[in-house]
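Student: data-v2.txt is reproduced below (compact mmCIF, C-alpha atoms and all ligand atoms).
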# COMPACT_ATOMS: atom_id res chain seq x y z
CA MET A 1 0.00 0.00 0.00
CA ALA A 2 2.36 2.66 -1.23
CA ARG A 3 -0.36 5.23 -1.78
CA ASP A 4 -2.70 6.62 0.85
CA PRO A 5 -5.16 4.14 2.29
CA LEU A 6 -8.63 4.08 0.80
CA ILE A 7 -11.56 2.79 2.82
CA GLY A 8 -14.61 1.65 0.90
CA LEU A 9 -18.15 1.83 2.22
CA VAL A 10 -20.18 -1.09 0.91
CA GLY A 11 -23.69 -2.32 1.60
CA LYS A 12 -27.03 -2.81 -0.04
CA PRO A 13 -29.02 0.19 -1.27
CA SER A 14 -30.47 2.32 1.54
CA SER A 15 -28.32 0.79 4.26
CA GLY A 16 -26.93 4.26 4.93
CA LYS A 17 -23.63 4.42 3.00
CA SER A 18 -24.05 7.98 1.76
CA THR A 19 -25.23 9.13 5.17
CA MET A 20 -22.24 7.43 6.77
CA LEU A 21 -19.91 9.09 4.26
CA ASN A 22 -21.41 12.48 5.09
CA SER A 23 -21.23 11.80 8.80
CA LEU A 24 -17.52 11.08 8.52
CA THR A 25 -16.47 13.77 6.13
CA ASP A 26 -18.01 16.99 7.22
CA ALA A 27 -15.55 17.77 10.02
CA THR A 28 -15.88 21.20 11.54
CA ALA A 29 -13.84 24.37 11.49
CA LYS A 30 -10.16 24.27 10.78
CA THR A 31 -9.64 21.41 8.39
CA GLY A 32 -7.35 21.58 5.44
CA ALA A 33 -8.38 20.09 2.14
CA PHE A 34 -6.57 16.89 1.30
CA PRO A 35 -4.71 16.95 -1.99
CA PHE A 36 -6.45 14.15 -3.83
CA THR A 37 -5.88 14.13 -7.51
CA THR A 38 -9.10 12.57 -8.69
CA ILE A 39 -12.37 14.33 -8.30
CA ASP A 40 -15.02 11.73 -7.88
CA PRO A 41 -18.45 12.39 -6.40
CA ASN A 42 -18.29 9.15 -4.45
CA LYS A 43 -14.95 9.95 -2.86
CA ALA A 44 -14.53 12.10 0.18
CA THR A 45 -12.10 12.81 2.94
CA GLY A 46 -12.90 11.31 6.31
CA TYR A 47 -11.06 12.07 9.50
CA LEU A 48 -9.49 9.34 11.57
CA GLN A 49 -9.12 10.31 15.22
CA ILE A 50 -5.76 9.40 16.72
CA ALA A 51 -3.66 10.49 19.70
CA CYS A 52 -1.33 13.21 18.42
CA ALA A 53 2.36 13.36 19.30
CA CYS A 54 1.90 16.98 20.42
CA ALA A 55 0.22 15.81 23.66
CA ARG A 56 3.23 13.62 24.53
CA PHE A 57 5.44 16.70 24.55
CA GLY A 58 2.99 19.18 26.08
CA LYS A 59 2.86 21.14 22.82
CA SER A 60 -0.83 20.88 21.95
CA GLY A 61 -1.17 24.66 21.89
CA LEU A 62 1.31 24.80 19.02
CA CYS A 63 -0.12 21.94 16.97
CA ARG A 64 -1.39 23.16 13.61
CA PRO A 65 -1.52 20.34 11.06
CA ASN A 66 -1.09 20.97 7.35
CA TYR A 67 -4.00 18.62 6.72
CA GLY A 68 -6.84 17.74 9.06
CA SER A 69 -6.83 19.29 12.50
CA CYS A 70 -5.80 18.76 16.11
CA LYS A 71 -7.78 19.62 19.25
CA ASN A 72 -6.09 19.19 22.62
CA GLY A 73 -3.97 16.30 21.44
CA LYS A 74 -6.77 14.59 19.54
CA ARG A 75 -5.74 14.60 15.93
CA PHE A 76 -8.06 14.24 12.94
CA VAL A 77 -6.02 12.68 10.15
CA PRO A 78 -7.51 12.72 6.65
CA VAL A 79 -8.24 9.36 5.05
CA MET A 80 -9.89 8.71 1.72
CA LEU A 81 -13.35 7.21 1.72
CA LEU A 82 -15.20 5.73 -1.21
CA ASP A 83 -18.94 5.18 -1.39
CA VAL A 84 -19.22 1.93 -3.36
CA ALA A 85 -22.86 2.13 -4.37
CA GLY A 86 -25.10 -0.31 -6.15
CA LEU A 87 -24.36 -3.70 -4.69
CA VAL A 88 -27.31 -6.10 -4.72
CA PRO A 89 -27.48 -9.89 -4.60
CA GLY A 90 -26.36 -11.13 -8.02
CA ALA A 91 -23.98 -8.22 -8.64
CA HIS A 92 -21.19 -10.61 -9.65
CA GLU A 93 -23.39 -11.67 -12.57
CA GLY A 94 -23.87 -8.05 -13.54
CA ARG A 95 -27.13 -7.37 -11.65
CA GLY A 96 -27.75 -3.85 -10.39
CA LEU A 97 -24.63 -1.83 -10.98
CA GLY A 98 -22.74 -5.11 -10.59
CA ASN A 99 -19.57 -4.60 -12.57
CA LYS A 100 -19.30 -0.93 -11.78
CA PHE A 101 -19.50 -1.79 -8.11
CA LEU A 102 -16.85 -4.43 -8.37
CA ASP A 103 -14.56 -2.17 -10.38
CA ASP A 104 -14.79 0.51 -7.70
CA LEU A 105 -14.16 -2.03 -5.03
CA ARG A 106 -10.76 -3.06 -6.32
CA HIS A 107 -9.28 0.27 -5.22
CA ALA A 108 -10.27 -0.20 -1.58
CA ASP A 109 -7.79 -1.35 1.05
CA ALA A 110 -10.40 -2.08 3.71
CA LEU A 111 -14.16 -2.12 3.73
CA ILE A 112 -16.81 -0.84 6.06
CA HIS A 113 -19.91 -2.91 5.40
CA VAL A 114 -22.82 -0.68 6.36
CA VAL A 115 -25.56 -3.05 7.52
CA ASP A 116 -29.10 -1.76 8.07
CA VAL A 117 -30.12 -3.38 11.36
CA SER A 118 -33.53 -1.70 11.51
CA GLY A 119 -35.05 -4.62 9.59
CA SER A 120 -36.97 -2.10 7.51
CA THR A 121 -35.25 -2.73 4.16
CA ASP A 122 -34.91 -6.00 2.25
CA ALA A 123 -31.83 -7.33 0.43
CA GLU A 124 -32.47 -4.95 -2.47
CA GLY A 125 -33.04 -1.97 -0.20
CA LYS A 126 -36.81 -1.90 -0.63
CA ALA A 127 -39.06 -1.03 2.31
CA THR A 128 -40.25 -3.96 4.39
CA SER A 129 -40.39 -4.89 8.06
CA GLY A 130 -38.79 -7.56 10.20
CA TYR A 131 -36.02 -8.30 7.67
CA ASP A 132 -33.13 -10.30 9.10
CA ALA A 133 -29.99 -8.29 8.35
CA LEU A 134 -27.74 -11.25 9.15
CA GLN A 135 -28.45 -12.36 5.59
CA ASP A 136 -26.87 -9.18 4.24
CA VAL A 137 -23.62 -9.88 6.02
CA GLU A 138 -23.47 -13.25 4.32
CA TRP A 139 -24.57 -12.50 0.78
CA LEU A 140 -22.35 -9.44 0.47
CA ARG A 141 -19.20 -11.38 1.19
CA GLY A 142 -20.52 -14.07 -1.15
CA GLU A 143 -20.78 -11.57 -4.00
CA ILE A 144 -17.15 -10.55 -3.64
CA LEU A 145 -16.04 -14.18 -3.46
CA ARG A 146 -18.09 -15.25 -6.50
CA TRP A 147 -16.78 -12.31 -8.53
CA ILE A 148 -13.13 -13.18 -7.94
CA GLU A 149 -13.69 -16.95 -8.15
CA GLY A 150 -15.59 -16.51 -11.41
CA ASN A 151 -12.77 -14.53 -13.00
CA LEU A 152 -10.22 -17.09 -11.86
CA LYS A 153 -12.09 -20.27 -12.78
CA GLU A 154 -12.97 -18.91 -16.23
CA LYS A 155 -9.28 -18.82 -17.15
CA TRP A 156 -8.04 -21.63 -14.92
CA GLY A 157 -7.09 -23.95 -17.80
CA SER A 158 -4.75 -21.44 -19.41
CA ILE A 159 -3.49 -20.17 -16.05
CA LYS A 160 -2.47 -23.72 -15.19
CA ARG A 161 -0.77 -24.34 -18.55
CA ARG A 162 1.21 -21.11 -18.31
CA HIS A 163 2.12 -21.89 -14.71
CA THR A 164 3.60 -25.25 -15.73
CA ALA A 165 5.30 -23.97 -18.87
CA THR A 166 7.01 -21.06 -17.11
CA LYS A 167 7.79 -23.05 -13.95
CA SER A 168 6.38 -20.18 -11.89
CA THR A 169 5.72 -20.25 -8.18
CA ALA A 170 2.12 -20.28 -6.97
CA VAL A 171 2.66 -16.77 -5.58
CA ASP A 172 3.77 -15.44 -8.98
CA THR A 173 0.95 -17.09 -10.87
CA LEU A 174 -1.69 -15.92 -8.43
CA GLN A 175 -0.26 -12.43 -8.17
CA ASN A 176 -0.54 -12.18 -11.96
CA GLN A 177 -4.24 -12.84 -11.58
CA PHE A 178 -4.81 -10.76 -8.46
CA SER A 179 -2.79 -7.65 -9.31
CA GLY A 180 -5.92 -6.17 -10.88
CA TYR A 181 -7.52 -6.18 -7.43
CA GLY A 182 -4.68 -4.07 -6.08
CA SER A 183 -2.91 -7.09 -4.63
CA THR A 184 0.82 -7.45 -4.05
CA ALA A 185 3.02 -10.54 -3.89
CA ALA A 186 3.18 -10.08 -0.11
CA VAL A 187 -0.61 -10.21 0.15
CA VAL A 188 -0.72 -13.41 -1.93
CA GLN A 189 2.07 -14.94 0.13
CA ARG A 190 0.23 -14.18 3.37
CA CYS A 191 -2.96 -15.69 2.04
CA LEU A 192 -1.20 -18.92 1.00
CA ASP A 193 0.58 -19.08 4.37
CA ARG A 194 -2.73 -18.66 6.10
CA ILE A 195 -4.29 -21.75 4.50
CA LYS A 196 -1.09 -23.84 4.58
CA LEU A 197 -1.58 -25.40 1.15
CA THR A 198 0.60 -28.36 0.28
CA GLU A 199 -0.73 -29.50 -3.10
CA PRO A 200 0.87 -27.93 -6.20
CA LEU A 201 -1.21 -25.41 -8.14
CA GLU A 202 -1.67 -27.80 -11.11
CA GLN A 203 -3.68 -30.05 -8.83
CA TRP A 204 -5.94 -27.52 -7.19
CA SER A 205 -9.60 -28.51 -7.21
CA ASP A 206 -12.48 -26.05 -7.40
CA GLY A 207 -12.71 -26.35 -3.62
CA THR A 208 -9.07 -25.37 -3.22
CA ILE A 209 -9.52 -22.38 -5.50
CA GLU A 210 -12.46 -21.28 -3.37
CA LEU A 211 -10.37 -21.63 -0.23
CA VAL A 212 -7.61 -19.53 -1.78
CA VAL A 213 -10.04 -16.84 -2.90
CA SER A 214 -11.63 -16.72 0.53
CA ALA A 215 -8.23 -16.23 2.19
CA PHE A 216 -7.38 -13.62 -0.43
CA VAL A 217 -10.56 -11.64 0.29
CA ASP A 218 -9.77 -11.72 4.01
CA GLU A 219 -6.27 -10.39 3.30
CA LYS A 220 -7.06 -7.85 0.61
CA PHE A 221 -10.44 -6.59 1.81
CA PRO A 222 -10.47 -6.77 5.60
CA THR A 223 -13.99 -5.78 6.54
CA VAL A 224 -15.59 -4.07 9.49
CA LEU A 225 -19.34 -4.37 10.01
CA ALA A 226 -21.04 -1.09 10.86
CA LEU A 227 -24.42 -2.09 12.25
CA ASN A 228 -26.24 1.06 11.27
CA LYS A 229 -29.58 2.60 12.29
CA ILE A 230 -29.23 1.53 15.93
CA ASP A 231 -31.49 4.46 16.77
CA HIS A 232 -34.35 2.49 15.19
CA PRO A 233 -36.72 0.89 17.74
CA ASP A 234 -36.49 -2.57 16.07
CA ALA A 235 -32.69 -2.67 15.85
CA ASP A 236 -32.01 -4.85 18.91
CA ARG A 237 -33.04 -8.11 17.33
CA CYS A 238 -30.68 -7.82 14.34
CA ILE A 239 -27.86 -6.54 16.51
CA TYR A 240 -28.26 -9.56 18.74
CA ARG A 241 -28.33 -12.05 15.86
CA ILE A 242 -25.33 -10.57 14.07
CA THR A 243 -23.10 -10.11 17.12
CA LYS A 244 -23.91 -13.66 18.20
CA LYS A 245 -22.77 -15.05 14.87
CA TYR A 246 -19.81 -12.65 14.55
CA PRO A 247 -18.48 -12.18 18.06
CA ASP A 248 -15.17 -10.54 17.01
CA ARG A 249 -15.57 -7.14 18.66
CA ASP A 250 -12.69 -5.67 16.64
CA LYS A 251 -14.76 -6.06 13.51
CA ILE A 252 -18.17 -4.86 14.65
CA VAL A 253 -19.24 -1.32 15.39
CA LEU A 254 -22.70 -0.01 16.24
CA THR A 255 -23.58 3.19 14.43
CA SER A 256 -26.27 5.73 13.81
CA ALA A 257 -24.98 7.70 10.87
CA ILE A 258 -28.03 9.88 10.63
CA SER A 259 -27.69 10.97 14.26
CA GLU A 260 -24.11 12.05 13.64
CA VAL A 261 -25.17 14.11 10.62
CA PHE A 262 -28.02 15.60 12.65
CA LEU A 263 -25.81 16.54 15.60
CA ARG A 264 -23.12 18.07 13.43
CA ARG A 265 -25.77 20.19 11.76
CA LEU A 266 -27.20 21.30 15.10
CA ALA A 267 -23.69 22.10 16.28
CA LYS A 268 -23.08 24.28 13.23
CA GLN A 269 -26.33 26.09 13.91
CA ARG A 270 -25.20 26.50 17.55
CA TYR A 271 -28.17 24.64 19.04
CA VAL A 272 -25.82 22.13 20.65
CA ASN A 273 -22.18 21.88 21.54
CA TYR A 274 -20.88 18.62 20.14
CA GLU A 275 -17.48 17.30 19.22
CA GLU A 276 -17.51 14.92 16.23
CA GLY A 277 -18.13 11.39 17.41
CA GLY A 278 -18.28 12.55 21.02
CA GLN A 279 -19.96 10.78 23.91
CA GLU A 280 -22.18 13.67 24.89
CA PHE A 281 -23.68 16.90 23.67
CA VAL A 282 -24.91 19.97 25.46
CA THR A 283 -27.91 22.20 24.75
CA LYS A 284 -28.50 25.66 26.20
CA VAL A 285 -30.51 24.17 29.08
CA GLU A 286 -27.52 22.15 30.32
CA ASP A 287 -25.01 24.90 29.69
CA HIS A 288 -25.53 26.65 33.02
CA GLU A 289 -22.53 28.94 32.75
CA ASN A 290 -23.21 29.78 29.12
CA ARG A 291 -19.77 28.52 28.15
CA PHE A 292 -20.80 27.64 24.64
CA HIS A 293 -23.10 30.58 23.83
CA LEU A 294 -25.79 28.31 22.45
CA LYS A 295 -29.11 29.26 20.93
CA GLU A 296 -32.30 28.34 22.71
CA ILE A 297 -34.39 25.56 21.15
CA THR A 298 -37.87 26.91 20.67
CA ASP A 299 -39.22 24.35 18.20
CA GLU A 300 -40.97 21.68 20.27
CA ARG A 301 -40.51 18.98 17.63
CA LEU A 302 -36.81 19.62 17.53
CA GLN A 303 -36.64 19.40 21.32
CA ILE A 304 -38.43 16.04 21.25
CA ARG A 305 -36.06 14.72 18.61
CA ILE A 306 -33.07 15.77 20.69
CA ASP A 307 -34.51 14.17 23.85
CA THR A 308 -35.17 10.94 21.96
CA LEU A 309 -31.65 10.94 20.61
CA ARG A 310 -30.31 11.24 24.12
CA ASP A 311 -32.49 8.47 25.50
CA MET A 312 -32.43 6.03 22.60
CA LEU A 313 -28.86 6.49 21.49
CA PHE A 314 -26.49 8.18 23.90
CA TYR A 315 -27.78 6.62 27.13
CA ARG A 316 -28.02 3.19 25.55
CA TRP A 317 -25.04 3.04 23.22
CA GLY A 318 -22.74 5.85 24.31
CA SER A 319 -22.26 7.63 20.99
CA THR A 320 -23.21 7.61 17.31
CA GLY A 321 -20.32 5.21 16.73
CA VAL A 322 -19.27 6.48 13.28
CA ILE A 323 -15.80 7.48 14.45
CA TYR A 324 -15.26 3.96 15.74
CA ALA A 325 -16.19 2.50 12.37
CA LEU A 326 -13.31 4.40 10.80
CA GLN A 327 -10.95 3.53 13.64
CA ALA A 328 -11.85 -0.14 13.39
CA ALA A 329 -11.15 -0.12 9.64
CA ALA A 330 -7.79 1.58 10.26
CA ARG A 331 -6.99 -1.08 12.86
CA GLN A 332 -7.73 -3.82 10.35
CA LEU A 333 -5.07 -2.23 8.15
CA HIS A 334 -2.70 -1.90 11.12
CA LEU A 335 -2.22 1.76 10.32
CA VAL A 336 -0.07 3.87 12.62
CA PRO A 337 0.69 7.58 12.37
CA VAL A 338 4.20 8.79 11.55
CA PHE A 339 5.01 12.45 12.20
CA SER A 340 7.72 13.83 9.96
CA VAL A 341 9.38 17.06 11.09
CA ARG A 342 12.24 19.20 9.80
CA ASN A 343 13.56 20.03 13.26
CA ILE A 344 13.75 16.97 15.48
CA HIS A 345 14.41 19.06 18.60
CA ASN A 346 11.40 21.38 18.55
CA PHE A 347 9.26 19.41 16.02
CA THR A 348 8.67 22.40 13.76
CA ASN A 349 9.13 22.57 10.01
CA SER A 350 10.69 26.01 9.76
CA SER A 351 12.55 28.56 11.84
CA THR A 352 9.91 31.20 11.20
CA ASP A 353 6.84 29.18 12.16
CA ASP A 354 6.50 27.73 15.66
CA ALA A 355 3.79 25.23 14.65
CA VAL A 356 4.69 21.64 15.58
CA PHE A 357 3.94 18.27 13.98
CA LYS A 358 2.54 19.75 10.80
CA ASP A 359 2.83 16.50 8.86
CA CYS A 360 1.34 13.16 9.73
CA THR A 361 1.22 10.12 7.46
CA LEU A 362 -0.51 6.81 8.06
CA VAL A 363 1.57 3.72 7.36
CA LYS A 364 1.25 0.04 8.10
CA CYS A 365 2.85 -0.84 11.41
CA GLY A 366 6.03 -2.82 10.86
CA THR A 367 6.92 -0.81 7.75
CA GLN A 368 10.66 -0.18 7.45
CA VAL A 369 11.83 3.38 7.98
CA GLY A 370 13.38 3.31 4.48
CA SER A 371 9.93 2.66 2.95
CA VAL A 372 8.43 5.44 5.02
CA VAL A 373 11.10 7.77 3.65
CA ARG A 374 10.22 6.81 0.06
CA LYS A 375 6.50 7.18 0.72
CA ILE A 376 6.87 10.67 2.17
CA MET A 377 9.87 12.03 0.25
CA GLY A 378 9.44 10.28 -3.09
CA ASP A 379 12.65 10.53 -5.11
CA VAL A 380 14.28 13.17 -2.91
CA PRO A 381 17.54 11.62 -1.69
CA VAL A 382 17.70 11.18 2.08
CA ALA A 383 21.15 10.64 3.58
CA PHE A 384 20.02 9.58 7.04
CA VAL A 385 17.08 9.66 9.43
CA GLU A 386 16.85 10.94 12.97
CA GLY A 387 14.35 10.13 15.72
CA VAL A 388 13.48 11.92 18.96
CA GLY A 389 16.55 13.36 20.69
CA GLY A 390 18.40 13.51 17.37
CA VAL A 391 19.23 9.80 17.59
CA ARG A 392 20.07 8.13 14.28
CA VAL A 393 17.43 5.64 13.13
CA SER A 394 18.39 2.84 10.76
CA LYS A 395 16.44 2.64 7.49
CA THR A 396 15.87 -1.03 8.14
CA ASP A 397 14.32 -0.38 11.54
CA THR A 398 10.53 -0.53 11.64
CA VAL A 399 7.79 1.81 12.79
CA ASP A 400 5.07 0.95 15.26
CA GLU A 401 2.59 2.71 17.52
CA GLY A 402 4.77 5.18 19.45
CA LYS A 403 8.00 3.68 18.06
CA ASN A 404 10.02 5.54 15.42
CA ASP A 405 6.86 7.51 14.82
CA ILE A 406 8.55 10.92 14.92
CA LEU A 407 11.16 11.17 12.19
CA CYS A 408 13.39 13.79 10.61
CA PHE A 409 14.78 13.18 7.14
CA LYS A 410 18.20 14.63 6.39
CA ILE A 411 18.39 15.38 2.70
CA GLY A 412 21.56 14.47 0.85
CA HIS A 413 23.42 11.54 -0.66
N1 LIG B 1 -32.99 5.62 11.40
C1 LIG B 1 -31.89 5.78 10.67
N2 LIG B 1 -31.96 5.98 9.36
C2 LIG B 1 -30.82 6.14 8.66
C3 LIG B 1 -29.55 6.08 9.28
N3 LIG B 1 -28.60 6.25 8.33
C4 LIG B 1 -29.25 6.44 7.17
N4 LIG B 1 -30.60 6.38 7.36
C5 LIG B 1 -31.66 6.55 6.36
O1 LIG B 1 -31.64 5.47 5.44
C6 LIG B 1 -31.99 5.92 4.14
C7 LIG B 1 -30.92 5.52 3.14
O2 LIG B 1 -29.72 6.20 3.45
P1 LIG B 1 -28.57 6.44 2.36
O3 LIG B 1 -27.42 7.02 3.09
O4 LIG B 1 -29.08 7.19 1.22
O5 LIG B 1 -28.28 4.93 1.95
P2 LIG B 1 -27.35 4.34 0.78
O6 LIG B 1 -28.27 3.96 -0.33
O7 LIG B 1 -26.70 3.15 1.38
O8 LIG B 1 -26.37 5.40 0.39
C8 LIG B 1 -32.17 7.43 4.24
O9 LIG B 1 -33.53 7.70 4.36
C9 LIG B 1 -31.42 7.78 5.51
O10 LIG B 1 -31.96 8.93 6.11
C10 LIG B 1 -29.49 5.86 10.69
O11 LIG B 1 -28.44 5.81 11.33
N5 LIG B 1 -30.70 5.72 11.33
MG MG B 2 -26.08 6.33 -1.50
Once more with this new file: its structure as structure tokens, please.

Tutor:
Amino acid sequence: MARDPLIGLVGKPSSGKSTMLNSLTDATAKTGAFPFTTIDPNKATGYLQIACACARFGKSGLCRPNYGSCKNGKRFVPVMLLDVAGLVPGAHEGRGLGNKFLDDLRHADALIHVVDVSGSTDAEGKATSGYDALQDVEWLRGEILRWIEGNLKEKWGSIKRRHTATKSTAVDTLQNQFSGYGSTAAVVQRCLDRIKLTEPLEQWSDGTIELVVSAFVDEKFPTVLALNKIDHPDADRCIYRITKKYPDRDKIVLTSAISEVFLRRLAKQRYVNYEEGGQEFVTKVEDHENRFHLKEITDERLQIRIDTLRDMLFYRWGSTGVIYALQAAARQLHLVPVFSVRNIHNFTNSSTDDAVFKDCTLVKCGTQVGSVVRKIMGDVPVAFVEGVGGVRVSKTDTVDEGKNDILCFKIGH
């Protein structure tokens, strides 16, 4: 993943993908635009919340990121989001926007599957009641599997012949087939290691191919389930069924995208004080000292909606959850922030600007410092790298959460 990570939002029509995208993108006040080259209506910048290095050094007052923002040591790092619309059962055979969907998908590094747990929409997104959303979790993965399997099996005869003729390794042969999905040889290697295959590729059965594709999908498209519409009165049943079947808490998040959008709008209009993704919000009634200078809510319907939100969502679930969906997806990718600075002693980038930690890049944990250099500096020659305290850091050393995560690149040969 040499480029910036891209997180795809998938799910059936009306599950809440667009709402989720809006809820994650529209961050308040001081946010810099992210320099994405393509302009695509389905792409947007989301903000991943991480602990900023400025807090570690008591410099939060001086933290002014080039991109995103930082509030009291809580940093909002831009990440690219993609709304992958149009997936319905049968997409791999071209139903719905089938092929368009699958073409978009190949650019994603991780997926957030937005699942409508209200039970009020069927597999095609049409209005119904009592629908069991557990089915959506299963068919969606099935569509991705069938799509990749189909492409592979269709050509398997010639793939096998070429494999034998060129005496290739299984990794090379598969990577040839999977590169179109944004795969790398390392991804293919990990997926083969995972299933511990012993039979040579020439002898793979259909079942083996399916096993390989399944492992590949797990590696290439790690997926987080965002159980959305938890504000809906009927949501409990689906939440229960899905979390029972998929107990891995790292991969499941409960969300109410619409509530996040609603609260951010109210915050902009100064009816509430609310920090994106926060665990509480304040209206004028609760703001006894008038710290936030809020407007009074005079519309009774609005007041009822706000009270319901508090009772049905915040008291029960703690927050709207959307921020956690993004964090969970980043965790699946093992992303860690690296802060690159020009001056390793005061963490600024220039002698005329006292702002610290202006640049932050997300990389996979375990990445070698040398690769981080190339990712950030491109072709600019870097003679050596320093870490905190001006200590030399080897280019073969790796980065991790809080380890080699503040770096200074010394330009030269
Ligand atoms: N109750 C509730 N409705 C939601 C939520 N998120 C989205 N919706 C509604 O679900 C419908 C479909 O949402 P949309 O974002 O357009 O779905 P998409 O087709 O997946 O992009 C809209 O009417 C939204 O207002 C939520 O968290 N709770
Ligand atoms: Mg949409």

Student: Report as a ChimeraX atom specification which protein, DNA and RNA residues come within 7 Å of ligand MG 2 (chain B), using all atoms listed in the file.

Tutor: /A:13-14,16-18,85

Student: What separation in Å, quoted to one decimal, exists between atom CA of A:Glu93 and atom CA of A:Trp147?

Tutor: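 If I compute the distance from atom CA of A:Glu93 to atom CA of A:Trp147, I get 7.8 Å.
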
Student: Ranking A:Lys59, A:Lys196, A:Lys43, A:Lys395 by minimum distance to A:Asn346 and counting all atoms listed in the file, which one comes first?

Tutor: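 Closest candidate: A:Lys59.
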
Student: What's around A:Trp139 at 12 Å? Count only C-alpha atoms, leave out sequence neighbours fewer than 3 positions away in its own chain, and write the answer as an MDAnalysis selection string.

Tutor: chainID A and resid 11:12 87:92 113 115 123:124 133:136 142:146

Student: How far is it from atom N4 of ligand LIG 1 (chain B) to atom CA of A:Gln332, in Å with one decimal?

Tutor: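 Computing the Euclidean distance for atom N4 of ligand LIG 1 (chain B) and atom CA of A:Gln332 yields 25.2 Å.
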
Student: List the spatial neighbours of A:Asn343 as a VMD selection string - criterion: any atom at most 12 Å away, all atoms listed in the file, same-chain residues fewer than 4 positions off excluded.

Tutor: chain A and resid 339 347 to 358 385 to 390 406 to 410

Student: What are the nearest atom pairs, with distances in Å to one decimal, for all residues of chain A that come at most 10 Å from ligand LIG 1 (chain B), using all atoms listed in the file, set out by chain and rising residue number as a tab-separated table?

Tutor:
residue	atom	partner	partner_atom	distance
A:Leu9	CA	B:LIG1	O7	8.7
A:Val10	CA	B:LIG1	O7	7.8
A:Gly11	CA	B:LIG1	O7	6.2
A:Lys12	CA	B:LIG1	O7	6.1
A:Pro13	CA	B:LIG1	O6	4.0
A:Ser14	CA	B:LIG1	O6	3.3
A:Ser15	CA	B:LIG1	O7	4.1
A:Gly16	CA	B:LIG1	O5	3.3
A:Lys17	CA	B:LIG1	O7	3.7
A:Ser18	CA	B:LIG1	O8	3.7
A:Thr19	CA	B:LIG1	O3	3.7
A:Met20	CA	B:LIG1	O3	6.4
A:Leu21	CA	B:LIG1	O3	7.9
A:Asn22	CA	B:LIG1	O3	8.4
A:Ser23	CA	B:LIG1	N3	9.2
A:Asp83	CA	B:LIG1	O8	7.6
A:Val84	CA	B:LIG1	O8	8.8
A:Ala85	CA	B:LIG1	O8	6.8
A:Gly86	CA	B:LIG1	O6	7.9
A:Leu87	CA	B:LIG1	O7	9.4
A:His113	CA	B:LIG1	O7	9.9
A:Val114	CA	B:LIG1	O7	7.4
A:Val115	CA	B:LIG1	O7	8.8
A:Asp116	CA	B:LIG1	C3	7.9
A:Val117	CA	B:LIG1	N5	9.1
A:Ser118	CA	B:LIG1	N1	7.3
A:Ser120	CA	B:LIG1	O1	9.5
A:Thr121	CA	B:LIG1	O1	9.1
A:Gly125	CA	B:LIG1	O6	7.6
A:Leu227	CA	B:LIG1	O11	8.9
A:Asn228	CA	B:LIG1	O11	5.2
A:Lys229	CA	B:LIG1	N5	3.5
A:Ile230	CA	B:LIG1	O11	6.3
A:Asp231	CA	B:LIG1	N5	5.6
A:His232	CA	B:LIG1	N1	5.1
A:Pro233	CA	B:LIG1	N1	8.7
A:Ala235	CA	B:LIG1	N1	9.4
A:Leu254	CA	B:LIG1	O11	9.5
A:Thr255	CA	B:LIG1	O11	6.3
A:Ser256	CA	B:LIG1	O11	3.3
A:Ala257	CA	B:LIG1	O11	4.0
A:Ile258	CA	B:LIG1	O11	4.2
A:Ser259	CA	B:LIG1	O11	6.0
A:Glu260	CA	B:LIG1	O11	7.9
A:Val261	CA	B:LIG1	N3	8.9
A:Phe262	CA	B:LIG1	O11	9.9
A:Thr320	CA	B:LIG1	O11	8.1
A:Gly321	CA	B:LIG1	O11	9.8
A:Val322	CA	B:LIG1	O11	9.4

Student: Report, in Å with one decimal, the straight-line distance from atom CA of A:Ser394 to atom CA of A:Leu333.

Tutor: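 Taking atom CA of A:Ser394 as the start and atom CA of A:Leu333 as the end point, the length is 24.1 Å.
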
Student: A:Gly46, A:Gly278, A:Gly8, A:Gly366: which is nearest A:Pro222, counting all atoms listed in the file?

Tutor: A:Gly8

Student: Given only C-alpha atoms as the basis, pick out the residue of A:Ala108, A:Val336, A:Ile252, A:Ala383 nearest to A:Thr361.

Tutor: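 Among the listed residues, A:Val336 lies closest to A:Thr361.
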
Student: If you count all atoms listed in the file, which residues fall within 6 Å of stretch 290-300 of chain A, apart from same-chain ones fewer than 5 positions away, as a list in words?

Tutor: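 Contacts, in chain order: Arg270, Tyr271 and Lys284 of chain A.
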
Student: Using the partial input, fill out stretch 403-408 of chain A with N, CA and C atoms; write the result as a compact mmCIF listing (two decimals), in the coordinates of the input.

Tutor:
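Heads up, here's the output in selection13.txt:
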# COMPACT_ATOMS: atom_id res chain seq x y z
N LYS A 403 6.59 4.04 18.27
CA LYS A 403 8.00 3.68 18.06
C LYS A 403 8.46 4.17 16.69
N ASN A 404 9.54 4.92 16.67
CA ASN A 404 10.02 5.54 15.42
C ASN A 404 8.90 6.27 14.70
N ASP A 405 8.01 6.88 15.46
CA ASP A 405 6.86 7.51 14.82
C ASP A 405 7.06 9.02 14.68
N ILE A 406 8.21 9.53 15.16
CA ILE A 406 8.55 10.92 14.92
C ILE A 406 9.91 10.90 14.23
N LEU A 407 9.94 11.33 12.98
CA LEU A 407 11.16 11.17 12.19
C LEU A 407 11.54 12.47 11.50
N CYS A 408 12.86 12.63 11.33
CA CYS A 408 13.39 13.79 10.61
C CYS A 408 14.30 13.27 9.51
